[in-house]
Amino acid sequence: MNREPDYQAMLAVAIEEARSGLAEGGIPIGAALFDQNGKLLGRGHNRRVQDGDPSIHGETDAFRNAGRQRSYRNTVMVTTLAPCWYCSGLVRQFKIGTVVVGESVNFQGGVDWLKENGVTVIDLASKECIDMLADYIANNPEVWHEDIGEE
């Protein structure tokens, strides 16, 4: 009998990553990639500010840290924030089957597009995730708007 993975425990890993990024002076977005049984494959956080690299989003960092997998269909990408279009593209490109979102209040991202394309999206509406990013945006509006591509 298959039981549903503990998405809250998985999100806790992503939140820990977001807090690490914030402590480094970066944007508090964390992510982790798990197999279907809940085994952690890779974790990471947004390092755009720290590394000056626009491609290091939380999801891409976790994906890279997971290393090459035979298949991604049965993996679960857990992220503190709804994935942007770039990270949504990564999910579709590699056919990641499930995305668990900590929150989509501060940023909706590509959630609807992912759902329309057959990806299971679970939004946990975490108050901790919502508050952490809202506080960051309030204190760093110029960095946030640059990060999401607004001028």
# chains A, B, ... in the order shown; residues from 1 in each chain; ligands from 1

$ residues_around --residues "segment 14-20 of chain A" --least-positions-apart "6" --cutoff "9 Å" --atoms "only C-alpha atoms" --output "MDAnalysis selection string"
chainID A and resid 26:32 43:46 58 78:80 102 128:129 132

$ write_last_selection --atoms "C-alpha atoms" --output "mmCIF file, in the first residue's frame"
data_model
loop_
_atom_site.group_PDB
_atom_site.id
_atom_site.type_symbol
_atom_site.label_atom_id
_atom_site.label_comp_id
_atom_site.auth_asym_id
_atom_site.auth_seq_id
_atom_site.Cartn_x
_atom_site.Cartn_y
_atom_site.Cartn_z
ATOM 1 C CA GLY A 26 20.297 36.299 -0.560
ATOM 2 C CA ILE A 27 16.654 35.878 -1.497
ATOM 3 C CA PRO A 28 14.950 33.360 0.830
ATOM 4 C CA ILE A 29 13.766 30.729 -1.616
ATOM 5 C CA GLY A 30 14.711 27.114 -0.998
ATOM 6 C CA ALA A 31 13.989 23.844 -2.737
ATOM 7 C CA ALA A 32 14.619 20.132 -2.531
ATOM 8 C CA ARG A 43 18.647 20.455 -1.958
ATOM 9 C CA GLY A 44 19.521 24.058 -2.677
ATOM 10 C CA HIS A 45 18.561 27.689 -2.494
ATOM 11 C CA ASN A 46 18.429 30.814 -4.596
ATOM 12 C CA GLY A 58 16.352 27.373 -5.590
ATOM 13 C CA VAL A 78 9.491 20.906 -3.195
ATOM 14 C CA THR A 79 9.964 24.667 -3.197
ATOM 15 C CA THR A 80 9.135 27.439 -0.754
ATOM 16 C CA GLY A 102 5.208 26.317 0.034
ATOM 17 C CA GLU A 128 5.992 30.618 7.350
ATOM 18 C CA CYS A 129 6.895 30.709 3.635
ATOM 19 C CA MET A 132 9.465 34.992 5.135
#

$ residues_around --residues "segment 121-126 of chain A" --least-positions-apart "3" --cutoff "8 Å" --atoms "only C-alpha atoms" --output "list in words"
Thr98, Val99, Val100, Val101, Gly102, Glu103, Ser104, Val105, Val111, Leu114, Lys115, Cys129 and Ile130 of chain A

$ atom_distance --atom1 "atom CA of Asn74 of chain A" --atom2 "atom CA of Lys95 of chain A"
8.7 Å

$ select_by_dssp --residues "chain A" --states "alpha helix (DSSP H)" --output "compact mmCIF listing (two decimals) with all heavy atoms, in the first residue's frame"
# COMPACT_ATOMS: atom_id res chain seq x y z
N TYR A 7 4.61 15.73 2.98
CA TYR A 7 4.96 16.97 2.29
C TYR A 7 5.41 18.06 3.24
O TYR A 7 6.27 18.88 2.89
CB TYR A 7 3.78 17.46 1.43
CG TYR A 7 3.45 16.53 0.29
CD1 TYR A 7 2.15 16.13 0.06
CD2 TYR A 7 4.45 16.07 -0.57
CE1 TYR A 7 1.83 15.28 -1.00
CE2 TYR A 7 4.14 15.21 -1.62
CZ TYR A 7 2.84 14.83 -1.83
OH TYR A 7 2.53 13.99 -2.88
N GLN A 8 4.87 18.09 4.44
CA GLN A 8 5.30 19.10 5.42
C GLN A 8 6.77 18.89 5.81
O GLN A 8 7.53 19.84 5.93
CB GLN A 8 4.41 19.08 6.67
CG GLN A 8 2.99 19.55 6.41
CD GLN A 8 2.89 21.03 6.05
OE1 GLN A 8 3.77 21.83 6.33
NE2 GLN A 8 1.79 21.39 5.42
N ALA A 9 7.17 17.64 6.00
CA ALA A 9 8.56 17.34 6.33
C ALA A 9 9.48 17.69 5.16
O ALA A 9 10.59 18.20 5.36
CB ALA A 9 8.71 15.86 6.71
N MET A 10 9.00 17.43 3.96
CA MET A 10 9.78 17.78 2.77
C MET A 10 9.93 19.30 2.67
O MET A 10 11.02 19.80 2.37
CB MET A 10 9.11 17.23 1.51
CG MET A 10 9.08 15.72 1.43
SD MET A 10 7.98 15.21 0.09
CE MET A 10 8.89 13.87 -0.62
N LEU A 11 8.83 20.02 2.93
CA LEU A 11 8.88 21.47 2.89
C LEU A 11 9.85 22.02 3.94
O LEU A 11 10.52 23.02 3.69
CB LEU A 11 7.49 22.08 3.07
CG LEU A 11 7.42 23.61 3.02
CD1 LEU A 11 7.90 24.14 1.67
CD2 LEU A 11 6.00 24.08 3.31
N ALA A 12 9.95 21.36 5.06
CA ALA A 12 10.87 21.81 6.11
C ALA A 12 12.31 21.86 5.59
O ALA A 12 13.09 22.76 5.96
CB ALA A 12 10.77 20.91 7.34
N VAL A 13 12.68 20.93 4.72
CA VAL A 13 14.03 20.93 4.12
C VAL A 13 14.19 22.17 3.24
O VAL A 13 15.22 22.86 3.30
CB VAL A 13 14.27 19.64 3.31
CG1 VAL A 13 15.61 19.69 2.58
CG2 VAL A 13 14.20 18.42 4.22
N ALA A 14 13.17 22.46 2.44
CA ALA A 14 13.23 23.64 1.56
C ALA A 14 13.28 24.93 2.39
O ALA A 14 14.01 25.87 2.04
CB ALA A 14 12.05 23.64 0.60
N ILE A 15 12.52 24.98 3.47
CA ILE A 15 12.53 26.16 4.34
C ILE A 15 13.91 26.35 4.96
O ILE A 15 14.41 27.48 5.05
CB ILE A 15 11.43 26.06 5.41
CG1 ILE A 15 10.05 26.21 4.76
CG2 ILE A 15 11.63 27.11 6.51
CD1 ILE A 15 8.87 25.92 5.70
N GLU A 16 14.52 25.28 5.37
CA GLU A 16 15.88 25.35 5.92
C GLU A 16 16.84 25.94 4.88
O GLU A 16 17.69 26.78 5.20
CB GLU A 16 16.32 23.94 6.34
CG GLU A 16 17.59 23.88 7.13
CD GLU A 16 17.89 22.45 7.56
OE1 GLU A 16 17.09 21.88 8.33
OE2 GLU A 16 18.92 21.90 7.09
N GLU A 17 16.68 25.53 3.64
CA GLU A 17 17.51 26.08 2.57
C GLU A 17 17.22 27.57 2.36
O GLU A 17 18.14 28.36 2.17
CB GLU A 17 17.27 25.31 1.27
CG GLU A 17 17.96 23.98 1.22
CD GLU A 17 19.48 24.07 1.19
OE1 GLU A 17 20.04 25.02 0.60
OE2 GLU A 17 20.11 23.18 1.79
N ALA A 18 15.95 27.95 2.40
CA ALA A 18 15.59 29.37 2.24
C ALA A 18 16.23 30.20 3.34
O ALA A 18 16.77 31.29 3.09
CB ALA A 18 14.07 29.53 2.25
N ARG A 19 16.20 29.69 4.55
CA ARG A 19 16.82 30.41 5.68
C ARG A 19 18.33 30.51 5.51
O ARG A 19 18.93 31.52 5.87
CB ARG A 19 16.45 29.74 7.00
CG ARG A 19 14.97 29.87 7.31
CD ARG A 19 14.66 29.68 8.77
NE ARG A 19 13.23 29.82 9.04
CZ ARG A 19 12.57 30.96 9.03
NH1 ARG A 19 13.18 32.09 8.76
NH2 ARG A 19 11.27 30.99 9.28
N SER A 20 18.95 29.49 4.96
CA SER A 20 20.39 29.53 4.68
C SER A 20 20.69 30.64 3.67
O SER A 20 21.65 31.39 3.83
CB SER A 20 20.89 28.19 4.13
OG SER A 20 20.82 27.20 5.10
N GLY A 21 19.88 30.70 2.63
CA GLY A 21 20.07 31.74 1.62
C GLY A 21 19.91 33.13 2.20
O GLY A 21 20.70 34.04 1.90
N LEU A 22 18.93 33.31 3.04
CA LEU A 22 18.71 34.60 3.69
C LEU A 22 19.89 34.97 4.58
O LEU A 22 20.36 36.11 4.57
CB LEU A 22 17.41 34.55 4.52
CG LEU A 22 16.97 35.84 5.19
CD1 LEU A 22 16.74 36.95 4.15
CD2 LEU A 22 15.71 35.60 6.02
N ALA A 23 20.42 34.00 5.32
CA ALA A 23 21.57 34.24 6.19
C ALA A 23 22.82 34.63 5.39
O ALA A 23 23.68 35.35 5.90
CB ALA A 23 21.86 32.99 7.03
N ARG A 48 21.28 33.81 -6.51
CA ARG A 48 21.51 34.84 -7.53
C ARG A 48 22.30 36.00 -6.97
O ARG A 48 23.22 36.49 -7.63
CB ARG A 48 20.18 35.34 -8.07
CG ARG A 48 19.45 34.30 -8.89
CD ARG A 48 18.28 34.91 -9.60
NE ARG A 48 18.80 35.96 -10.47
CZ ARG A 48 18.07 36.90 -11.01
NH1 ARG A 48 16.79 36.94 -10.78
NH2 ARG A 48 18.60 37.81 -11.78
N VAL A 49 21.93 36.47 -5.80
CA VAL A 49 22.59 37.63 -5.20
C VAL A 49 24.01 37.26 -4.75
O VAL A 49 24.97 37.95 -5.09
CB VAL A 49 21.77 38.16 -3.99
CG1 VAL A 49 22.52 39.26 -3.26
CG2 VAL A 49 20.41 38.67 -4.46
N GLN A 50 24.13 36.16 -4.03
CA GLN A 50 25.43 35.76 -3.49
C GLN A 50 26.46 35.49 -4.58
O GLN A 50 27.62 35.86 -4.45
CB GLN A 50 25.31 34.50 -2.63
CG GLN A 50 24.37 34.59 -1.46
CD GLN A 50 22.96 34.15 -1.80
OE1 GLN A 50 22.36 34.63 -2.75
NE2 GLN A 50 22.41 33.23 -1.02
N ASP A 51 26.04 34.78 -5.64
CA ASP A 51 26.97 34.36 -6.68
C ASP A 51 26.94 35.25 -7.92
O ASP A 51 27.75 35.06 -8.82
CB ASP A 51 26.67 32.92 -7.11
CG ASP A 51 26.96 31.90 -6.01
OD1 ASP A 51 27.35 32.30 -4.89
OD2 ASP A 51 26.79 30.70 -6.27
N GLY A 58 16.41 28.47 -6.55
CA GLY A 58 16.35 27.37 -5.59
C GLY A 58 16.15 26.02 -6.26
O GLY A 58 16.83 25.04 -5.95
N GLU A 59 15.21 25.97 -7.20
CA GLU A 59 14.90 24.71 -7.87
C GLU A 59 16.07 24.21 -8.71
O GLU A 59 16.37 23.02 -8.72
CB GLU A 59 13.65 24.85 -8.75
CG GLU A 59 12.40 25.21 -7.99
CD GLU A 59 12.17 26.71 -7.83
OE1 GLU A 59 13.13 27.50 -7.94
OE2 GLU A 59 11.02 27.09 -7.59
N THR A 60 16.73 25.12 -9.42
CA THR A 60 17.85 24.68 -10.26
C THR A 60 19.01 24.23 -9.40
O THR A 60 19.72 23.28 -9.76
CB THR A 60 18.30 25.78 -11.25
OG1 THR A 60 18.67 26.95 -10.53
CG2 THR A 60 17.22 26.11 -12.24
N ASP A 61 19.22 24.88 -8.26
CA ASP A 61 20.29 24.48 -7.35
C ASP A 61 20.02 23.09 -6.79
O ASP A 61 20.90 22.22 -6.79
CB ASP A 61 20.42 25.52 -6.23
CG ASP A 61 21.71 25.41 -5.45
OD1 ASP A 61 22.75 25.03 -6.03
OD2 ASP A 61 21.70 25.74 -4.24
N ALA A 62 18.79 22.84 -6.35
CA ALA A 62 18.43 21.52 -5.83
C ALA A 62 18.56 20.46 -6.92
O ALA A 62 19.08 19.36 -6.69
CB ALA A 62 17.00 21.54 -5.28
N PHE A 63 18.09 20.78 -8.13
CA PHE A 63 18.15 19.86 -9.26
C PHE A 63 19.60 19.49 -9.58
O PHE A 63 19.94 18.32 -9.74
CB PHE A 63 17.47 20.52 -10.47
CG PHE A 63 17.44 19.67 -11.69
CD1 PHE A 63 16.51 18.66 -11.83
CD2 PHE A 63 18.34 19.89 -12.72
CE1 PHE A 63 16.47 17.87 -12.98
CE2 PHE A 63 18.30 19.11 -13.87
CZ PHE A 63 17.38 18.10 -13.99
N ARG A 64 20.46 20.50 -9.65
CA ARG A 64 21.88 20.24 -9.94
C ARG A 64 22.53 19.41 -8.84
O ARG A 64 23.32 18.51 -9.11
CB ARG A 64 22.63 21.56 -10.10
CG ARG A 64 22.26 22.31 -11.35
CD ARG A 64 22.89 23.68 -11.35
NE ARG A 64 22.53 24.43 -12.56
CZ ARG A 64 22.66 25.72 -12.68
NH1 ARG A 64 23.14 26.45 -11.69
NH2 ARG A 64 22.32 26.31 -13.81
N ASN A 65 22.17 19.71 -7.58
CA ASN A 65 22.76 18.99 -6.46
C ASN A 65 22.27 17.55 -6.36
O ASN A 65 22.91 16.72 -5.72
CB ASN A 65 22.51 19.74 -5.15
CG ASN A 65 23.32 21.01 -5.07
OD1 ASN A 65 24.40 21.12 -5.64
ND2 ASN A 65 22.80 22.01 -4.37
N ALA A 66 21.15 17.24 -7.00
CA ALA A 66 20.63 15.87 -7.00
C ALA A 66 21.43 14.97 -7.93
O ALA A 66 21.40 13.75 -7.79
CB ALA A 66 19.15 15.87 -7.43
N TRP A 85 8.86 30.99 -14.36
CA TRP A 85 8.77 30.35 -15.68
C TRP A 85 10.02 29.54 -15.99
O TRP A 85 9.94 28.45 -16.58
CB TRP A 85 8.51 31.39 -16.77
CG TRP A 85 7.13 31.93 -16.67
CD1 TRP A 85 6.75 33.17 -16.25
CD2 TRP A 85 5.92 31.22 -16.96
NE1 TRP A 85 5.38 33.28 -16.26
CE2 TRP A 85 4.84 32.09 -16.69
CE3 TRP A 85 5.64 29.94 -17.41
CZ2 TRP A 85 3.52 31.73 -16.86
CZ3 TRP A 85 4.31 29.57 -17.59
CH2 TRP A 85 3.28 30.46 -17.32
N TYR A 86 11.15 30.03 -15.59
CA TYR A 86 12.42 29.32 -15.81
C TYR A 86 12.40 27.96 -15.11
O TYR A 86 12.69 26.93 -15.72
CB TYR A 86 13.56 30.22 -15.30
CG TYR A 86 14.93 29.63 -15.22
CD1 TYR A 86 15.57 29.09 -16.32
CD2 TYR A 86 15.63 29.66 -14.01
CE1 TYR A 86 16.86 28.59 -16.23
CE2 TYR A 86 16.91 29.17 -13.91
CZ TYR A 86 17.52 28.62 -15.02
OH TYR A 86 18.79 28.12 -14.92
N CYS A 87 12.03 27.96 -13.84
CA CYS A 87 12.01 26.72 -13.07
C CYS A 87 10.83 25.84 -13.47
O CYS A 87 10.94 24.61 -13.42
CB CYS A 87 12.01 27.04 -11.58
SG CYS A 87 13.54 27.87 -11.08
N SER A 88 9.73 26.44 -13.88
CA SER A 88 8.61 25.65 -14.40
C SER A 88 9.04 24.92 -15.67
O SER A 88 8.67 23.76 -15.89
CB SER A 88 7.40 26.55 -14.69
OG SER A 88 6.89 27.10 -13.50
N GLY A 89 9.84 25.58 -16.48
CA GLY A 89 10.39 24.94 -17.68
C GLY A 89 11.27 23.77 -17.34
O GLY A 89 11.24 22.73 -18.01
N LEU A 90 12.07 23.89 -16.29
CA LEU A 90 12.92 22.79 -15.83
C LEU A 90 12.05 21.59 -15.44
O LEU A 90 12.34 20.45 -15.83
CB LEU A 90 13.77 23.24 -14.64
CG LEU A 90 14.68 22.19 -14.05
CD1 LEU A 90 16.01 22.83 -13.68
CD2 LEU A 90 14.07 21.56 -12.82
N VAL A 91 10.98 21.86 -14.70
CA VAL A 91 10.06 20.79 -14.29
C VAL A 91 9.49 20.08 -15.51
O VAL A 91 9.46 18.85 -15.58
CB VAL A 91 8.93 21.36 -13.40
CG1 VAL A 91 7.80 20.35 -13.21
CG2 VAL A 91 9.48 21.82 -12.06
N ARG A 92 9.05 20.84 -16.51
CA ARG A 92 8.48 20.24 -17.72
C ARG A 92 9.54 19.53 -18.57
O ARG A 92 9.29 18.45 -19.09
CB ARG A 92 7.78 21.32 -18.57
CG ARG A 92 6.52 21.85 -17.93
CD ARG A 92 5.36 20.87 -18.01
NE ARG A 92 5.02 20.65 -19.40
CZ ARG A 92 4.89 19.44 -19.96
NH1 ARG A 92 5.03 18.36 -19.24
NH2 ARG A 92 4.59 19.33 -21.23
N GLN A 93 10.68 20.15 -18.73
CA GLN A 93 11.75 19.57 -19.55
C GLN A 93 12.14 18.17 -19.06
O GLN A 93 12.33 17.26 -19.84
CB GLN A 93 12.97 20.49 -19.55
CG GLN A 93 14.20 19.92 -20.25
CD GLN A 93 14.04 19.81 -21.75
OE1 GLN A 93 13.33 20.59 -22.37
NE2 GLN A 93 14.71 18.84 -22.34
N VAL A 111 2.42 28.03 -11.93
CA VAL A 111 1.60 26.98 -11.33
C VAL A 111 0.47 26.52 -12.25
O VAL A 111 0.30 25.32 -12.49
CB VAL A 111 1.05 27.43 -9.96
CG1 VAL A 111 -0.04 26.51 -9.46
CG2 VAL A 111 2.19 27.50 -8.94
N ASP A 112 -0.30 27.45 -12.78
CA ASP A 112 -1.43 27.07 -13.65
C ASP A 112 -0.93 26.36 -14.91
O ASP A 112 -1.53 25.36 -15.34
CB ASP A 112 -2.27 28.29 -14.03
CG ASP A 112 -3.05 28.84 -12.84
OD1 ASP A 112 -3.28 28.10 -11.87
OD2 ASP A 112 -3.42 30.03 -12.89
N TRP A 113 0.13 26.85 -15.49
CA TRP A 113 0.71 26.23 -16.69
C TRP A 113 1.17 24.81 -16.40
O TRP A 113 0.95 23.89 -17.20
CB TRP A 113 1.85 27.11 -17.20
CG TRP A 113 2.52 26.58 -18.43
CD1 TRP A 113 2.04 26.61 -19.71
CD2 TRP A 113 3.80 25.95 -18.50
NE1 TRP A 113 2.96 26.04 -20.57
CE2 TRP A 113 4.05 25.63 -19.85
CE3 TRP A 113 4.78 25.64 -17.55
CZ2 TRP A 113 5.22 25.00 -20.27
CZ3 TRP A 113 5.95 25.01 -17.97
CH2 TRP A 113 6.16 24.70 -19.32
N LEU A 114 1.81 24.61 -15.25
CA LEU A 114 2.25 23.26 -14.88
C LEU A 114 1.05 22.32 -14.76
O LEU A 114 1.07 21.21 -15.29
CB LEU A 114 3.04 23.29 -13.57
CG LEU A 114 4.44 23.90 -13.66
CD1 LEU A 114 5.03 24.10 -12.27
CD2 LEU A 114 5.36 23.04 -14.52
N LYS A 115 0.01 22.78 -14.06
CA LYS A 115 -1.20 21.96 -13.92
C LYS A 115 -1.81 21.63 -15.27
O LYS A 115 -2.20 20.49 -15.52
CB LYS A 115 -2.23 22.69 -13.06
CG LYS A 115 -1.87 22.79 -11.61
CD LYS A 115 -2.94 23.59 -10.87
CE LYS A 115 -2.59 23.80 -9.41
NZ LYS A 115 -3.60 24.65 -8.73
N GLU A 116 -1.89 22.63 -16.15
CA GLU A 116 -2.45 22.42 -17.48
C GLU A 116 -1.66 21.39 -18.28
O GLU A 116 -2.18 20.77 -19.20
CB GLU A 116 -2.49 23.73 -18.26
CG GLU A 116 -3.50 24.73 -17.76
CD GLU A 116 -3.27 26.13 -18.32
OE1 GLU A 116 -2.40 26.32 -19.20
OE2 GLU A 116 -3.97 27.06 -17.85
N LYS A 127 2.18 29.60 6.01
CA LYS A 127 2.29 30.95 6.55
C LYS A 127 3.76 31.32 6.74
O LYS A 127 4.16 32.46 6.48
CB LYS A 127 1.53 31.06 7.87
CG LYS A 127 1.58 32.46 8.48
CD LYS A 127 0.65 32.61 9.63
CE LYS A 127 0.72 33.91 10.37
NZ LYS A 127 1.38 35.03 9.79
N GLU A 128 4.56 30.37 7.16
CA GLU A 128 5.99 30.62 7.35
C GLU A 128 6.64 31.05 6.04
O GLU A 128 7.41 32.01 6.00
CB GLU A 128 6.67 29.38 7.92
CG GLU A 128 8.13 29.58 8.22
CD GLU A 128 8.78 28.37 8.88
OE1 GLU A 128 8.12 27.32 9.02
OE2 GLU A 128 9.97 28.48 9.23
N CYS A 129 6.33 30.36 4.95
CA CYS A 129 6.90 30.71 3.64
C CYS A 129 6.38 32.07 3.17
O CYS A 129 7.15 32.89 2.67
CB CYS A 129 6.55 29.64 2.61
SG CYS A 129 7.38 28.06 2.86
N ILE A 130 5.07 32.29 3.33
CA ILE A 130 4.48 33.56 2.91
C ILE A 130 5.13 34.72 3.65
O ILE A 130 5.57 35.70 3.04
CB ILE A 130 2.95 33.56 3.15
CG1 ILE A 130 2.25 32.55 2.24
CG2 ILE A 130 2.37 34.96 2.95
CD1 ILE A 130 0.81 32.24 2.63
N ASP A 131 5.22 34.61 4.97
CA ASP A 131 5.77 35.69 5.79
C ASP A 131 7.25 35.93 5.52
O ASP A 131 7.70 37.07 5.45
CB ASP A 131 5.54 35.42 7.27
CG ASP A 131 4.07 35.48 7.67
OD1 ASP A 131 3.24 35.97 6.87
OD2 ASP A 131 3.76 35.04 8.80
N MET A 132 8.02 34.85 5.36
CA MET A 132 9.47 34.99 5.13
C MET A 132 9.73 35.79 3.86
O MET A 132 10.55 36.72 3.85
CB MET A 132 10.13 33.61 5.06
CG MET A 132 11.62 33.67 4.87
SD MET A 132 12.52 32.09 5.04
CE MET A 132 11.39 30.86 4.45
N LEU A 133 9.05 35.45 2.77
CA LEU A 133 9.30 36.16 1.52
C LEU A 133 8.68 37.55 1.54
O LEU A 133 9.30 38.50 1.04
CB LEU A 133 8.81 35.36 0.31
CG LEU A 133 9.24 35.96 -1.02
CD1 LEU A 133 10.76 36.06 -1.14
CD2 LEU A 133 8.69 35.15 -2.18
N ALA A 134 7.50 37.70 2.12
CA ALA A 134 6.88 39.03 2.19
C ALA A 134 7.78 40.00 2.95
O ALA A 134 7.94 41.16 2.53
CB ALA A 134 5.51 38.95 2.85
N ASP A 135 8.38 39.54 4.04
CA ASP A 135 9.30 40.39 4.80
C ASP A 135 10.52 40.76 3.95
O ASP A 135 10.97 41.90 3.95
CB ASP A 135 9.77 39.69 6.08
CG ASP A 135 8.67 39.57 7.12
OD1 ASP A 135 7.62 40.24 6.99
OD2 ASP A 135 8.86 38.77 8.07
N TYR A 136 11.03 39.79 3.21
CA TYR A 136 12.18 40.06 2.35
C TYR A 136 11.82 41.09 1.28
O TYR A 136 12.58 42.05 1.05
CB TYR A 136 12.69 38.78 1.69
CG TYR A 136 13.89 39.05 0.83
CD1 TYR A 136 15.17 39.10 1.38
CD2 TYR A 136 13.76 39.33 -0.53
CE1 TYR A 136 16.28 39.40 0.61
CE2 TYR A 136 14.86 39.64 -1.31
CZ TYR A 136 16.11 39.67 -0.73
OH TYR A 136 17.21 39.99 -1.51
N ILE A 137 10.69 40.91 0.63
CA ILE A 137 10.26 41.84 -0.43
C ILE A 137 10.09 43.24 0.14
O ILE A 137 10.52 44.23 -0.48
CB ILE A 137 8.97 41.35 -1.11
CG1 ILE A 137 9.23 40.05 -1.88
CG2 ILE A 137 8.40 42.42 -2.04
CD1 ILE A 137 7.97 39.34 -2.35
N ALA A 138 9.47 43.35 1.31
CA ALA A 138 9.26 44.67 1.92
C ALA A 138 10.58 45.37 2.22
O ALA A 138 10.68 46.59 2.07
CB ALA A 138 8.44 44.51 3.21
N ASN A 139 11.58 44.60 2.60
CA ASN A 139 12.88 45.18 2.96
C ASN A 139 13.86 45.30 1.80
O ASN A 139 14.87 45.99 1.91
CB ASN A 139 13.52 44.36 4.09
CG ASN A 139 12.76 44.46 5.39
OD1 ASN A 139 12.37 45.56 5.79
ND2 ASN A 139 12.51 43.34 6.02
N PRO A 141 12.86 45.65 -1.95
CA PRO A 141 12.02 45.66 -3.15
C PRO A 141 12.82 45.71 -4.45
O PRO A 141 12.44 45.08 -5.44
CB PRO A 141 11.15 46.91 -2.98
CG PRO A 141 11.89 47.77 -2.02
CD PRO A 141 12.64 46.83 -1.10
N GLU A 142 13.93 46.43 -4.47
CA GLU A 142 14.71 46.55 -5.70
C GLU A 142 15.33 45.22 -6.10
O GLU A 142 15.37 44.87 -7.27
CB GLU A 142 15.76 47.64 -5.58
CG GLU A 142 16.92 47.37 -4.61
CD GLU A 142 16.56 47.33 -3.12
OE1 GLU A 142 15.54 47.90 -2.70
OE2 GLU A 142 17.32 46.69 -2.36
N VAL A 143 15.82 44.45 -5.13
CA VAL A 143 16.40 43.14 -5.43
C VAL A 143 15.32 42.18 -5.91
O VAL A 143 15.49 41.46 -6.87
CB VAL A 143 17.12 42.56 -4.19
CG1 VAL A 143 17.63 41.15 -4.48
CG2 VAL A 143 18.28 43.46 -3.77
N TRP A 144 14.17 42.19 -5.23
CA TRP A 144 13.08 41.29 -5.60
C TRP A 144 12.60 41.56 -7.02
O TRP A 144 12.44 40.66 -7.82
CB TRP A 144 11.92 41.41 -4.62
CG TRP A 144 10.73 40.63 -5.08
CD1 TRP A 144 9.54 41.10 -5.53
CD2 TRP A 144 10.63 39.20 -5.18
NE1 TRP A 144 8.71 40.06 -5.88
CE2 TRP A 144 9.35 38.88 -5.69
CE3 TRP A 144 11.51 38.14 -4.88
CZ2 TRP A 144 8.93 37.58 -5.91
CZ3 TRP A 144 11.08 36.86 -5.12
CH2 TRP A 144 9.81 36.57 -5.61
N HIS A 145 12.36 42.83 -7.36
CA HIS A 145 11.84 43.14 -8.69
C HIS A 145 12.87 42.83 -9.78
O HIS A 145 12.49 42.41 -10.88
CB HIS A 145 11.36 44.59 -8.75
CG HIS A 145 10.15 44.80 -7.89
ND1 HIS A 145 8.93 44.25 -8.20
CD2 HIS A 145 9.98 45.47 -6.73
CE1 HIS A 145 8.06 44.56 -7.27
NE2 HIS A 145 8.67 45.32 -6.37
N GLU A 146 14.12 42.96 -9.46
CA GLU A 146 15.18 42.57 -10.40
C GLU A 146 15.17 41.05 -10.57
O GLU A 146 15.32 40.52 -11.66
CB GLU A 146 16.54 43.02 -9.87
CG GLU A 146 17.71 42.58 -10.73
CD GLU A 146 19.03 42.98 -10.06
OE1 GLU A 146 19.31 44.17 -9.95
OE2 GLU A 146 19.76 42.05 -9.66
N ASP A 147 14.96 40.32 -9.47
CA ASP A 147 15.00 38.86 -9.49
C ASP A 147 13.88 38.28 -10.36
O ASP A 147 14.08 37.29 -11.04
CB ASP A 147 14.89 38.30 -8.07
CG ASP A 147 15.18 36.81 -8.02
OD1 ASP A 147 16.29 36.43 -8.40
OD2 ASP A 147 14.29 36.04 -7.63

$ residues_around --residues "Phe107 of chain A" --least-positions-apart "6" --cutoff "9 Å" --atoms "only C-alpha atoms" --output "JSON, numbers by chain"
{"A": [81, 82, 83, 84]}

$ write_last_selection --atoms "N, CA and C atoms" --output "PDB file, in the first residue's frame"
ATOM      1  N   LEU A  81       8.462  28.634  -2.769  1.00  0.00           N
ATOM      2  CA  LEU A  81       7.698  29.590  -3.554  1.00  0.00           C
ATOM      3  C   LEU A  81       7.309  28.963  -4.891  1.00  0.00           C
ATOM      4  N   ALA A  82       6.140  29.321  -5.390  1.00  0.00           N
ATOM      5  CA  ALA A  82       5.720  28.842  -6.707  1.00  0.00           C
ATOM      6  C   ALA A  82       6.845  29.077  -7.708  1.00  0.00           C
ATOM      7  N   PRO A  83       7.169  28.072  -8.517  1.00  0.00           N
ATOM      8  CA  PRO A  83       8.281  28.224  -9.453  1.00  0.00           C
ATOM      9  C   PRO A  83       8.020  29.264 -10.538  1.00  0.00           C
ATOM     10  N   CYS A  84       9.057  30.022 -10.848  1.00  0.00           N
ATOM     11  CA  CYS A  84       8.994  31.000 -11.939  1.00  0.00           C
ATOM     12  C   CYS A  84       8.909  30.246 -13.268  1.00  0.00           C
TER      13      CYS A  84
END

$ atom_distance --atom1 "atom CA of Arg73 of chain A" --atom2 "atom CA of Asp35 of chain A"
9.3 Å

$ atom_distance --atom1 "atom CA of Asn117 of chain A" --atom2 "atom CA of Arg47 of chain A"
28.2 Å

$ select_by_dssp --residues "chain A" --states "strand (DSSP E)" --output "list of chain:residue names"
A:Gly30, A:Ala31, A:Ala32, A:Leu33, A:Phe34, A:Leu40, A:Leu41, A:Gly42, A:Arg43, A:Gly44, A:His45, A:Val76, A:Met77, A:Val78, A:Thr79, A:Thr98, A:Val99, A:Val100, A:Val101, A:Thr120, A:Val121, A:Ile122, A:Asp123

$ write_last_selection --atoms "C-alpha atoms" --output "CSV table (one decimal), in the first residue's frame"
chain,number,residue,atom,x,y,z
A,30,GLY,CA,14.7,27.1,-1.0
A,31,ALA,CA,14.0,23.8,-2.7
A,32,ALA,CA,14.6,20.1,-2.5
A,33,LEU,CA,14.2,17.2,-4.9
A,34,PHE,CA,12.9,13.9,-3.5
A,40,LEU,CA,16.2,13.4,-0.4
A,41,LEU,CA,18.1,13.5,-3.7
A,42,GLY,CA,19.3,17.1,-3.7
A,43,ARG,CA,18.6,20.5,-2.0
A,44,GLY,CA,19.5,24.1,-2.7
A,45,HIS,CA,18.6,27.7,-2.5
A,76,VAL,CA,8.9,15.5,-6.2
A,77,MET,CA,10.3,19.1,-6.4
A,78,VAL,CA,9.5,20.9,-3.2
A,79,THR,CA,10.0,24.7,-3.2
A,98,THR,CA,4.9,16.5,-8.7
A,99,VAL,CA,5.7,20.0,-7.4
A,100,VAL,CA,5.0,20.9,-3.8
A,101,VAL,CA,4.8,24.7,-3.3
A,120,THR,CA,0.6,17.5,-10.0
A,121,VAL,CA,0.9,20.8,-8.0
A,122,ILE,CA,0.2,20.8,-4.3
A,123,ASP,CA,0.2,24.3,-2.7
